[in-house]
>>> print(open('final-v4.csv').read())   # CSV, C-alpha atoms
chain,number,residue,atom,x,y,z
V,17,MET,CA,0.0,0.0,0.0
V,18,ASN,CA,2.9,2.4,0.5
V,19,GLU,CA,3.5,2.9,-3.2
V,20,ILE,CA,-0.2,3.5,-3.7
V,21,PHE,CA,-0.2,6.4,-1.2
V,22,GLU,CA,3.2,7.7,-2.3
V,23,ARG,CA,2.4,7.9,-6.0
V,24,HIS,CA,1.8,11.4,-7.3
V,25,SER,CA,1.6,13.0,-10.7
V,26,TYR,CA,5.1,14.6,-10.8
V,27,ARG,CA,5.3,17.7,-12.9
V,28,GLY,CA,8.7,19.0,-11.8
V,29,ALA,CA,12.3,18.8,-13.0
V,30,TYR,CA,14.2,15.5,-13.0
V,31,LEU,CA,17.7,14.8,-11.8
V,32,PRO,CA,20.1,14.2,-14.7
V,33,GLU,CA,20.7,10.6,-13.7
V,34,PRO,CA,20.0,7.9,-16.3
V,35,VAL,CA,17.4,5.3,-15.5
V,36,PRO,CA,19.1,1.9,-15.8
V,37,ARG,CA,17.7,-0.5,-18.4
V,38,ALA,CA,17.2,-3.0,-15.6
V,39,ASP,CA,14.8,-0.6,-13.9
V,40,LEU,CA,13.1,0.3,-17.2
V,41,THR,CA,12.6,-3.4,-17.8
V,42,LYS,CA,11.1,-4.0,-14.3
V,43,ILE,CA,8.7,-1.1,-14.8
V,44,MET,CA,7.6,-2.3,-18.2
V,45,GLU,CA,7.3,-5.9,-16.9
V,46,ALA,CA,4.9,-4.5,-14.2
V,47,GLY,CA,2.9,-2.9,-16.9
V,48,LEU,CA,2.7,-6.0,-19.0
V,49,ALA,CA,1.6,-8.0,-16.0
V,50,ALA,CA,-1.6,-6.0,-15.6
V,51,PRO,CA,-5.0,-7.5,-16.1
V,52,SER,CA,-6.2,-7.5,-19.7
V,53,GLY,CA,-9.8,-7.9,-20.9
V,54,CYS,CA,-10.4,-11.4,-22.2
V,55,ASN,CA,-6.5,-11.7,-22.1
V,56,LYS,CA,-6.2,-9.9,-25.4
V,57,GLN,CA,-3.1,-8.1,-24.2
V,58,THR,CA,-3.7,-5.0,-26.3
V,59,THR,CA,-1.0,-2.9,-24.6
V,60,SER,CA,2.6,-2.6,-25.8
V,61,LEU,CA,5.4,-0.4,-24.6
V,62,ILE,CA,8.5,1.4,-25.8
V,63,ALA,CA,11.1,2.8,-23.4
V,64,VAL,CA,13.1,5.6,-24.7
V,65,ASP,CA,16.4,6.5,-23.0
V,66,ASP,CA,18.4,7.9,-26.0
V,67,PRO,CA,19.0,11.6,-25.2
V,68,ALA,CA,18.7,12.7,-28.9
V,69,LEU,CA,15.4,10.8,-29.4
V,70,LEU,CA,14.1,12.1,-26.1
V,71,ALA,CA,14.8,15.7,-27.3
V,72,GLU,CA,12.8,15.0,-30.4
V,73,ILE,CA,9.9,13.6,-28.4
V,74,PHE,CA,10.0,16.6,-26.0
V,75,ALA,CA,10.1,19.0,-28.9
V,76,ILE,CA,6.8,17.4,-30.2
V,77,MET,CA,5.2,17.5,-26.8
V,78,GLU,CA,6.1,21.1,-25.9
V,79,LEU,CA,5.7,20.4,-22.1
V,80,SER,CA,8.5,22.2,-20.2
V,81,PHE,CA,8.1,20.2,-17.0
V,82,CYS,CA,9.0,16.8,-18.5
V,83,LYS,CA,12.0,17.9,-20.8
V,84,SER,CA,14.5,17.0,-18.1
V,85,ALA,CA,13.3,13.4,-17.8
V,86,PRO,CA,16.1,10.9,-18.6
V,87,ALA,CA,13.6,8.4,-19.9
V,88,VAL,CA,10.0,8.0,-21.1
V,89,ILE,CA,7.8,5.0,-21.6
V,90,CYS,CA,5.4,5.3,-24.5
V,91,VAL,CA,2.2,3.3,-24.1
V,92,LEU,CA,0.7,1.8,-27.2
V,93,THR,CA,-2.7,0.1,-27.7
V,94,LYS,CA,-3.9,-2.1,-30.5
V,95,ARG,CA,-7.5,-2.6,-31.3
V,96,ILE,CA,-8.2,-6.3,-30.8
V,97,VAL,CA,-11.9,-7.2,-30.5
V,98,ALA,CA,-12.5,-9.3,-27.3
V,99,TYR,CA,-15.9,-10.6,-28.5
V,100,ARG,CA,-19.2,-9.6,-30.0
V,101,ASP,CA,-22.1,-9.1,-27.6
V,102,GLY,CA,-25.6,-10.5,-28.2
V,103,TRP,CA,-26.4,-7.5,-30.4
V,104,GLY,CA,-23.4,-8.0,-32.6
V,105,LYS,CA,-21.5,-5.0,-31.1
V,106,GLU,CA,-17.8,-5.4,-30.9
V,107,ARG,CA,-16.3,-5.3,-27.4
V,108,TRP,CA,-12.8,-3.9,-27.0
V,109,TYR,CA,-11.0,-3.4,-23.7
V,110,GLY,CA,-8.0,-1.5,-24.8
V,111,VAL,CA,-8.6,1.6,-22.6
V,112,GLN,CA,-9.0,-0.6,-19.5
V,113,ASP,CA,-6.0,-2.7,-20.5
V,114,TYR,CA,-3.6,0.3,-20.9
V,115,ALA,CA,-5.0,2.1,-17.9
V,116,ALA,CA,-4.2,-1.0,-15.7
V,117,ALA,CA,-0.7,-1.2,-17.3
V,118,ILE,CA,0.0,2.4,-16.6
V,119,GLU,CA,-1.1,2.2,-13.0
V,120,ASN,CA,1.1,-0.8,-12.5
V,121,MET,CA,4.1,1.0,-14.0
V,122,LEU,CA,3.5,4.1,-11.9
V,123,LEU,CA,3.5,2.0,-8.8
V,124,GLU,CA,6.6,0.1,-9.8
V,125,ALA,CA,8.4,3.3,-10.6
V,126,VAL,CA,7.7,4.7,-7.2
V,127,SER,CA,8.9,1.5,-5.6
V,128,LEU,CA,12.2,1.9,-7.4
V,129,GLY,CA,12.5,5.6,-6.3
V,130,TYR,CA,11.3,7.3,-9.5
V,131,GLN,CA,8.6,9.7,-10.3
V,132,SER,CA,6.4,10.1,-13.4
V,133,CYS,CA,3.2,11.6,-14.7
V,134,TRP,CA,0.4,10.0,-16.8
V,135,LEU,CA,0.4,12.2,-19.9
V,136,GLU,CA,-2.5,11.1,-22.1
V,137,GLY,CA,-4.5,14.2,-23.0
V,138,HIS,CA,-1.5,15.9,-24.5
V,139,VAL,CA,-0.8,12.8,-26.6
V,140,THR,CA,-4.2,12.0,-27.9
V,141,ASP,CA,-5.6,15.5,-28.4
V,142,ALA,CA,-6.5,16.9,-31.8
V,143,ASP,CA,-3.0,18.2,-32.5
V,144,GLU,CA,-2.0,14.5,-32.9
V,145,GLN,CA,1.2,14.6,-30.8
V,146,GLY,CA,0.8,10.8,-30.3
V,147,LYS,CA,0.8,10.2,-34.1
V,148,ARG,CA,3.9,12.3,-34.6
V,149,ILE,CA,5.8,10.5,-31.7
V,150,ALA,CA,4.6,7.1,-33.0
V,151,ALA,CA,6.0,8.0,-36.5
V,152,LEU,CA,9.3,9.1,-34.9
V,153,LEU,CA,9.5,5.7,-33.1
V,154,GLY,CA,8.5,3.6,-36.1
V,155,VAL,CA,5.3,2.4,-34.6
V,156,PRO,CA,3.1,0.4,-37.1
V,157,GLU,CA,-0.2,2.0,-38.1
V,158,GLU,CA,-2.3,-0.7,-36.3
V,159,TYR,CA,-1.1,0.7,-33.0
V,160,GLN,CA,-2.0,4.0,-31.3
V,161,LEU,CA,0.3,5.8,-29.0
V,162,VAL,CA,-1.9,6.8,-26.1
V,163,CYS,CA,0.3,7.8,-23.3
V,164,VAL,CA,3.8,9.0,-22.5
V,165,LEU,CA,5.3,8.5,-19.0
V,166,PRO,CA,8.3,10.7,-18.3
V,167,LEU,CA,10.5,8.9,-15.8
V,168,GLY,CA,13.3,9.8,-13.5
V,169,LYS,CA,14.3,10.8,-10.0
V,170,ALA,CA,12.6,14.0,-8.8
V,171,ALA,CA,14.7,17.1,-8.5
V,172,GLU,CA,12.0,19.0,-6.7
V,173,PRO,CA,9.8,18.3,-3.6
V,174,LEU,CA,6.7,16.3,-4.3
V,175,LYS,CA,3.4,18.1,-4.2
V,176,THR,CA,0.5,15.9,-3.0
V,177,ALA,CA,-3.0,16.4,-4.3
V,178,LYS,CA,-5.6,16.5,-1.6
V,179,LYS,CA,-8.0,13.6,-1.9
V,180,ARG,CA,-11.6,13.9,-0.8
V,181,PRO,CA,-12.4,11.9,2.4
V,182,PHE,CA,-13.2,8.2,2.1
V,183,ALA,CA,-16.7,8.8,3.5
V,184,GLU,CA,-17.5,11.1,0.6
V,185,ARG,CA,-16.6,8.6,-2.0
V,186,ALA,CA,-17.0,5.1,-0.7
V,187,TRP,CA,-19.9,3.3,1.1
V,188,PHE,CA,-21.1,-0.1,2.2
V,189,ASN,CA,-24.3,-1.7,0.9
V,190,ARG,CA,-26.0,1.5,-0.5
V,191,PHE,CA,-24.9,4.7,-2.0
V,192,GLY,CA,-24.3,7.4,0.6
V,193,GLN,CA,-24.8,5.2,3.6
V,194,ASP,CA,-22.3,4.2,6.3
>>> encode(input="final-v4.csv", output="structure tokens")
Amino acid sequence: MNEIFERHSYRGAYLPEPVPRADLTKIMEAGLAAPSGCNKQTTSLIAVDDPALLAEIFAIMELSFCKSAPAVICVLTKRIVAYRDGWGKERWYGVQDYAAAIENMLLEAVSLGYQSCWLEGHVTDADEQGKRIAALLGVPEEYQLVCVLPLGKAAEPLKTAKKRPFAERAWFNRFGQD
């Protein structure tokens, strides 16, 4: 539970220390171990630690707070139909799959002493940053880059978001009751 309560969206500068490949591997393994709807395993990952390539990614993203990150993990999804329901509608669980993978990676990153931030909106918005980053990384068209996780050791104090109290968001047996 410690990592769950210690994890925060870090939007500060990173120390200029490389993230060892062994740690990147552990973090990605944690992501790939996440649950996957109907075991379709729609999530794939690319870790980037090459400084020149990172500079190109950060130039596309135009987010000042992550430009000092010594590594990023790019999260990809592939549309794989899990099944068709009784009305013939295709069911796909890619969003749930990559969300579970991202949370696992964020928790593993904290356990290894790193910080990160789930950057999805900037990647999937209409300006198509994700498509441009995917092209840079040679990602095949059947995949969509949906998230970038900057990764490194925090150079600034962590800022914690205030969470609403348990009693305002969780109940037993019926909504709004103790």
>>> residues_around(input="final-v4.csv", residues="Pro86 of chain V", least_positions_apart="3", cutoff="9 Å", atoms="all atoms listed in the file", output="list in words")
Tyr30, Leu31, Pro32, Glu33, Pro34, Val35, Val64, Asp65, Asp66, Pro67, Leu70, Lys83, Pro166, Leu167, Gly168 and Lys169 of chain V
>>> closest_residue(input="final-v4.csv", among="V:Pro181, V:Gly146, V:Pro173, V:Gly102", to="Ile73 of chain V", atoms="all atoms listed in the file")
V:Gly146
>>> closest_residue(input="final-v4.csv", among="V:Ala171, V:Ala116, V:Ala63, V:Ala98", to="Ala49 of chain V", atoms="all atoms listed in the file")
V:Ala116
>>> residues_near_point(input="final-v4.csv", point="(4.2, 13.5, -37.1)", cutoff="12 Å", atoms="only C-alpha atoms", output="PyMOL selection string")
chain V and resi 72-73+75-77+139+143-155+161
>>> atom_distance(input="final-v4.csv", atom1="atom CA of Ala50 of chain V", atom2="atom CA of Ala117 of chain V")
5.2 Å
>>> residues_near_point(input="final-v4.csv", point="(-8.3, -1.5, -27.3)", cutoff="9 Å", atoms="only C-alpha atoms", output="ChimeraX atom specification")
/V:56-59,93-98,107-114
>>> closest_residue(input="final-v4.csv", among="V:Pro36, V:Gly192, V:Gly47, V:Gly28", to="Glu124 of chain V", atoms="all atoms listed in the file")
V:Gly47
>>> atom_distance(input="final-v4.csv", atom1="atom CA of Glu172 of chain V", atom2="atom CA of Tyr26 of chain V")
9.2 Å
>>> closest_residue(input="final-v4.csv", among="V:Gly104, V:Gly137, V:Pro51, V:Gly129", to="Val164 of chain V", atoms="only C-alpha atoms")
V:Gly137
>>> closest_residue(input="final-v4.csv", among="V:Ala177, V:Glu45, V:Ala183, V:Ala170", to="Val126 of chain V", atoms="only C-alpha atoms")
V:Ala170
>>> atom_distance(input="final-v4.csv", atom1="atom CA of Glu136 of chain V", atom2="atom CA of Arg100 of chain V")
27.7 Å
>>> decode(input="final-v4.csv", residues="segment 38-185 of chain V", atoms="C-alpha atoms", output="PDB file, in the first residue's frame")
ATOM      1  CA  ALA V  38      17.195  -3.023 -15.639  1.00  0.00           C
ATOM      2  CA  ASP V  39      14.826  -0.590 -13.898  1.00  0.00           C
ATOM      3  CA  LEU V  40      13.063   0.311 -17.159  1.00  0.00           C
ATOM      4  CA  THR V  41      12.609  -3.412 -17.783  1.00  0.00           C
ATOM      5  CA  LYS V  42      11.125  -3.962 -14.296  1.00  0.00           C
ATOM      6  CA  ILE V  43       8.717  -1.068 -14.787  1.00  0.00           C
ATOM      7  CA  MET V  44       7.607  -2.319 -18.207  1.00  0.00           C
ATOM      8  CA  GLU V  45       7.258  -5.881 -16.904  1.00  0.00           C
ATOM      9  CA  ALA V  46       4.949  -4.529 -14.190  1.00  0.00           C
ATOM     10  CA  GLY V  47       2.862  -2.862 -16.892  1.00  0.00           C
ATOM     11  CA  LEU V  48       2.651  -5.974 -19.027  1.00  0.00           C
ATOM     12  CA  ALA V  49       1.615  -8.024 -15.975  1.00  0.00           C
ATOM     13  CA  ALA V  50      -1.564  -5.950 -15.604  1.00  0.00           C
ATOM     14  CA  PRO V  51      -4.985  -7.522 -16.141  1.00  0.00           C
ATOM     15  CA  SER V  52      -6.191  -7.535 -19.729  1.00  0.00           C
ATOM     16  CA  GLY V  53      -9.823  -7.879 -20.856  1.00  0.00           C
ATOM     17  CA  CYS V  54     -10.357 -11.415 -22.175  1.00  0.00           C
ATOM     18  CA  ASN V  55      -6.545 -11.723 -22.070  1.00  0.00           C
ATOM     19  CA  LYS V  56      -6.241  -9.930 -25.430  1.00  0.00           C
ATOM     20  CA  GLN V  57      -3.100  -8.122 -24.221  1.00  0.00           C
ATOM     21  CA  THR V  58      -3.739  -4.982 -26.265  1.00  0.00           C
ATOM     22  CA  THR V  59      -1.013  -2.913 -24.575  1.00  0.00           C
ATOM     23  CA  SER V  60       2.569  -2.615 -25.829  1.00  0.00           C
ATOM     24  CA  LEU V  61       5.385  -0.403 -24.568  1.00  0.00           C
ATOM     25  CA  ILE V  62       8.470   1.410 -25.828  1.00  0.00           C
ATOM     26  CA  ALA V  63      11.053   2.753 -23.372  1.00  0.00           C
ATOM     27  CA  VAL V  64      13.125   5.621 -24.718  1.00  0.00           C
ATOM     28  CA  ASP V  65      16.397   6.521 -23.017  1.00  0.00           C
ATOM     29  CA  ASP V  66      18.414   7.874 -25.968  1.00  0.00           C
ATOM     30  CA  PRO V  67      18.997  11.591 -25.248  1.00  0.00           C
ATOM     31  CA  ALA V  68      18.711  12.660 -28.899  1.00  0.00           C
ATOM     32  CA  LEU V  69      15.444  10.765 -29.353  1.00  0.00           C
ATOM     33  CA  LEU V  70      14.114  12.133 -26.056  1.00  0.00           C
ATOM     34  CA  ALA V  71      14.848  15.673 -27.266  1.00  0.00           C
ATOM     35  CA  GLU V  72      12.803  15.003 -30.414  1.00  0.00           C
ATOM     36  CA  ILE V  73       9.901  13.621 -28.374  1.00  0.00           C
ATOM     37  CA  PHE V  74       9.970  16.586 -25.984  1.00  0.00           C
ATOM     38  CA  ALA V  75      10.066  19.004 -28.929  1.00  0.00           C
ATOM     39  CA  ILE V  76       6.835  17.435 -30.190  1.00  0.00           C
ATOM     40  CA  MET V  77       5.190  17.496 -26.753  1.00  0.00           C
ATOM     41  CA  GLU V  78       6.103  21.100 -25.859  1.00  0.00           C
ATOM     42  CA  LEU V  79       5.732  20.428 -22.121  1.00  0.00           C
ATOM     43  CA  SER V  80       8.467  22.178 -20.192  1.00  0.00           C
ATOM     44  CA  PHE V  81       8.089  20.150 -17.005  1.00  0.00           C
ATOM     45  CA  CYS V  82       9.040  16.812 -18.543  1.00  0.00           C
ATOM     46  CA  LYS V  83      11.950  17.926 -20.767  1.00  0.00           C
ATOM     47  CA  SER V  84      14.538  16.971 -18.150  1.00  0.00           C
ATOM     48  CA  ALA V  85      13.281  13.371 -17.795  1.00  0.00           C
ATOM     49  CA  PRO V  86      16.101  10.930 -18.586  1.00  0.00           C
ATOM     50  CA  ALA V  87      13.624   8.367 -19.942  1.00  0.00           C
ATOM     51  CA  VAL V  88      10.044   7.977 -21.096  1.00  0.00           C
ATOM     52  CA  ILE V  89       7.811   4.996 -21.562  1.00  0.00           C
ATOM     53  CA  CYS V  90       5.447   5.257 -24.500  1.00  0.00           C
ATOM     54  CA  VAL V  91       2.235   3.281 -24.116  1.00  0.00           C
ATOM     55  CA  LEU V  92       0.652   1.784 -27.219  1.00  0.00           C
ATOM     56  CA  THR V  93      -2.673   0.096 -27.735  1.00  0.00           C
ATOM     57  CA  LYS V  94      -3.853  -2.135 -30.532  1.00  0.00           C
ATOM     58  CA  ARG V  95      -7.542  -2.568 -31.270  1.00  0.00           C
ATOM     59  CA  ILE V  96      -8.203  -6.272 -30.752  1.00  0.00           C
ATOM     60  CA  VAL V  97     -11.851  -7.243 -30.488  1.00  0.00           C
ATOM     61  CA  ALA V  98     -12.469  -9.301 -27.348  1.00  0.00           C
ATOM     62  CA  TYR V  99     -15.883 -10.591 -28.473  1.00  0.00           C
ATOM     63  CA  ARG V 100     -19.193  -9.588 -30.015  1.00  0.00           C
ATOM     64  CA  ASP V 101     -22.090  -9.124 -27.623  1.00  0.00           C
ATOM     65  CA  GLY V 102     -25.617 -10.483 -28.153  1.00  0.00           C
ATOM     66  CA  TRP V 103     -26.449  -7.535 -30.420  1.00  0.00           C
ATOM     67  CA  GLY V 104     -23.377  -7.976 -32.597  1.00  0.00           C
ATOM     68  CA  LYS V 105     -21.526  -5.022 -31.083  1.00  0.00           C
ATOM     69  CA  GLU V 106     -17.767  -5.447 -30.886  1.00  0.00           C
ATOM     70  CA  ARG V 107     -16.320  -5.263 -27.383  1.00  0.00           C
ATOM     71  CA  TRP V 108     -12.791  -3.947 -26.981  1.00  0.00           C
ATOM     72  CA  TYR V 109     -11.041  -3.358 -23.687  1.00  0.00           C
ATOM     73  CA  GLY V 110      -7.958  -1.461 -24.833  1.00  0.00           C
ATOM     74  CA  VAL V 111      -8.579   1.565 -22.606  1.00  0.00           C
ATOM     75  CA  GLN V 112      -9.019  -0.602 -19.523  1.00  0.00           C
ATOM     76  CA  ASP V 113      -5.955  -2.656 -20.489  1.00  0.00           C
ATOM     77  CA  TYR V 114      -3.584   0.265 -20.925  1.00  0.00           C
ATOM     78  CA  ALA V 115      -4.979   2.084 -17.872  1.00  0.00           C
ATOM     79  CA  ALA V 116      -4.212  -0.956 -15.695  1.00  0.00           C
ATOM     80  CA  ALA V 117      -0.748  -1.239 -17.265  1.00  0.00           C
ATOM     81  CA  ILE V 118      -0.017   2.446 -16.637  1.00  0.00           C
ATOM     82  CA  GLU V 119      -1.062   2.249 -12.995  1.00  0.00           C
ATOM     83  CA  ASN V 120       1.128  -0.824 -12.468  1.00  0.00           C
ATOM     84  CA  MET V 121       4.082   1.007 -14.036  1.00  0.00           C
ATOM     85  CA  LEU V 122       3.531   4.136 -11.946  1.00  0.00           C
ATOM     86  CA  LEU V 123       3.486   2.045  -8.765  1.00  0.00           C
ATOM     87  CA  GLU V 124       6.607   0.085  -9.750  1.00  0.00           C
ATOM     88  CA  ALA V 125       8.373   3.338 -10.639  1.00  0.00           C
ATOM     89  CA  VAL V 126       7.665   4.711  -7.154  1.00  0.00           C
ATOM     90  CA  SER V 127       8.859   1.463  -5.573  1.00  0.00           C
ATOM     91  CA  LEU V 128      12.180   1.909  -7.414  1.00  0.00           C
ATOM     92  CA  GLY V 129      12.525   5.560  -6.343  1.00  0.00           C
ATOM     93  CA  TYR V 130      11.324   7.271  -9.540  1.00  0.00           C
ATOM     94  CA  GLN V 131       8.557   9.723 -10.304  1.00  0.00           C
ATOM     95  CA  SER V 132       6.358  10.111 -13.364  1.00  0.00           C
ATOM     96  CA  CYS V 133       3.155  11.638 -14.675  1.00  0.00           C
ATOM     97  CA  TRP V 134       0.422  10.019 -16.774  1.00  0.00           C
ATOM     98  CA  LEU V 135       0.414  12.164 -19.938  1.00  0.00           C
ATOM     99  CA  GLU V 136      -2.488  11.126 -22.123  1.00  0.00           C
ATOM    100  CA  GLY V 137      -4.488  14.224 -23.030  1.00  0.00           C
ATOM    101  CA  HIS V 138      -1.462  15.942 -24.540  1.00  0.00           C
ATOM    102  CA  VAL V 139      -0.759  12.808 -26.568  1.00  0.00           C
ATOM    103  CA  THR V 140      -4.249  12.015 -27.865  1.00  0.00           C
ATOM    104  CA  ASP V 141      -5.620  15.547 -28.417  1.00  0.00           C
ATOM    105  CA  ALA V 142      -6.503  16.912 -31.832  1.00  0.00           C
ATOM    106  CA  ASP V 143      -2.966  18.193 -32.473  1.00  0.00           C
ATOM    107  CA  GLU V 144      -1.987  14.517 -32.879  1.00  0.00           C
ATOM    108  CA  GLN V 145       1.217  14.580 -30.849  1.00  0.00           C
ATOM    109  CA  GLY V 146       0.849  10.833 -30.333  1.00  0.00           C
ATOM    110  CA  LYS V 147       0.797  10.177 -34.067  1.00  0.00           C
ATOM    111  CA  ARG V 148       3.912  12.294 -34.562  1.00  0.00           C
ATOM    112  CA  ILE V 149       5.759  10.547 -31.726  1.00  0.00           C
ATOM    113  CA  ALA V 150       4.618   7.143 -33.029  1.00  0.00           C
ATOM    114  CA  ALA V 151       5.978   7.997 -36.496  1.00  0.00           C
ATOM    115  CA  LEU V 152       9.284   9.067 -34.927  1.00  0.00           C
ATOM    116  CA  LEU V 153       9.490   5.705 -33.109  1.00  0.00           C
ATOM    117  CA  GLY V 154       8.512   3.606 -36.144  1.00  0.00           C
ATOM    118  CA  VAL V 155       5.250   2.384 -34.609  1.00  0.00           C
ATOM    119  CA  PRO V 156       3.107   0.426 -37.124  1.00  0.00           C
ATOM    120  CA  GLU V 157      -0.234   1.997 -38.088  1.00  0.00           C
ATOM    121  CA  GLU V 158      -2.334  -0.659 -36.340  1.00  0.00           C
ATOM    122  CA  TYR V 159      -1.071   0.675 -33.000  1.00  0.00           C
ATOM    123  CA  GLN V 160      -2.033   3.951 -31.339  1.00  0.00           C
ATOM    124  CA  LEU V 161       0.336   5.771 -28.998  1.00  0.00           C
ATOM    125  CA  VAL V 162      -1.942   6.804 -26.128  1.00  0.00           C
ATOM    126  CA  CYS V 163       0.317   7.842 -23.279  1.00  0.00           C
ATOM    127  CA  VAL V 164       3.821   9.030 -22.482  1.00  0.00           C
ATOM    128  CA  LEU V 165       5.264   8.520 -19.010  1.00  0.00           C
ATOM    129  CA  PRO V 166       8.287  10.735 -18.314  1.00  0.00           C
ATOM    130  CA  LEU V 167      10.483   8.920 -15.831  1.00  0.00           C
ATOM    131  CA  GLY V 168      13.321   9.812 -13.508  1.00  0.00           C
ATOM    132  CA  LYS V 169      14.313  10.850 -10.017  1.00  0.00           C
ATOM    133  CA  ALA V 170      12.566  13.970  -8.756  1.00  0.00           C
ATOM    134  CA  ALA V 171      14.727  17.094  -8.482  1.00  0.00           C
ATOM    135  CA  GLU V 172      12.010  19.037  -6.660  1.00  0.00           C
ATOM    136  CA  PRO V 173       9.839  18.329  -3.602  1.00  0.00           C
ATOM    137  CA  LEU V 174       6.737  16.281  -4.311  1.00  0.00           C
ATOM    138  CA  LYS V 175       3.399  18.063  -4.228  1.00  0.00           C
ATOM    139  CA  THR V 176       0.530  15.944  -3.035  1.00  0.00           C
ATOM    140  CA  ALA V 177      -3.005  16.368  -4.277  1.00  0.00           C
ATOM    141  CA  LYS V 178      -5.629  16.512  -1.562  1.00  0.00           C
ATOM    142  CA  LYS V 179      -8.011  13.590  -1.866  1.00  0.00           C
ATOM    143  CA  ARG V 180     -11.610  13.861  -0.751  1.00  0.00           C
ATOM    144  CA  PRO V 181     -12.361  11.859   2.395  1.00  0.00           C
ATOM    145  CA  PHE V 182     -13.219   8.163   2.137  1.00  0.00           C
ATOM    146  CA  ALA V 183     -16.732   8.766   3.512  1.00  0.00           C
ATOM    147  CA  GLU V 184     -17.517  11.113   0.607  1.00  0.00           C
ATOM    148  CA  ARG V 185     -16.581   8.573  -2.048  1.00  0.00           C
TER     149      ARG V 185
END
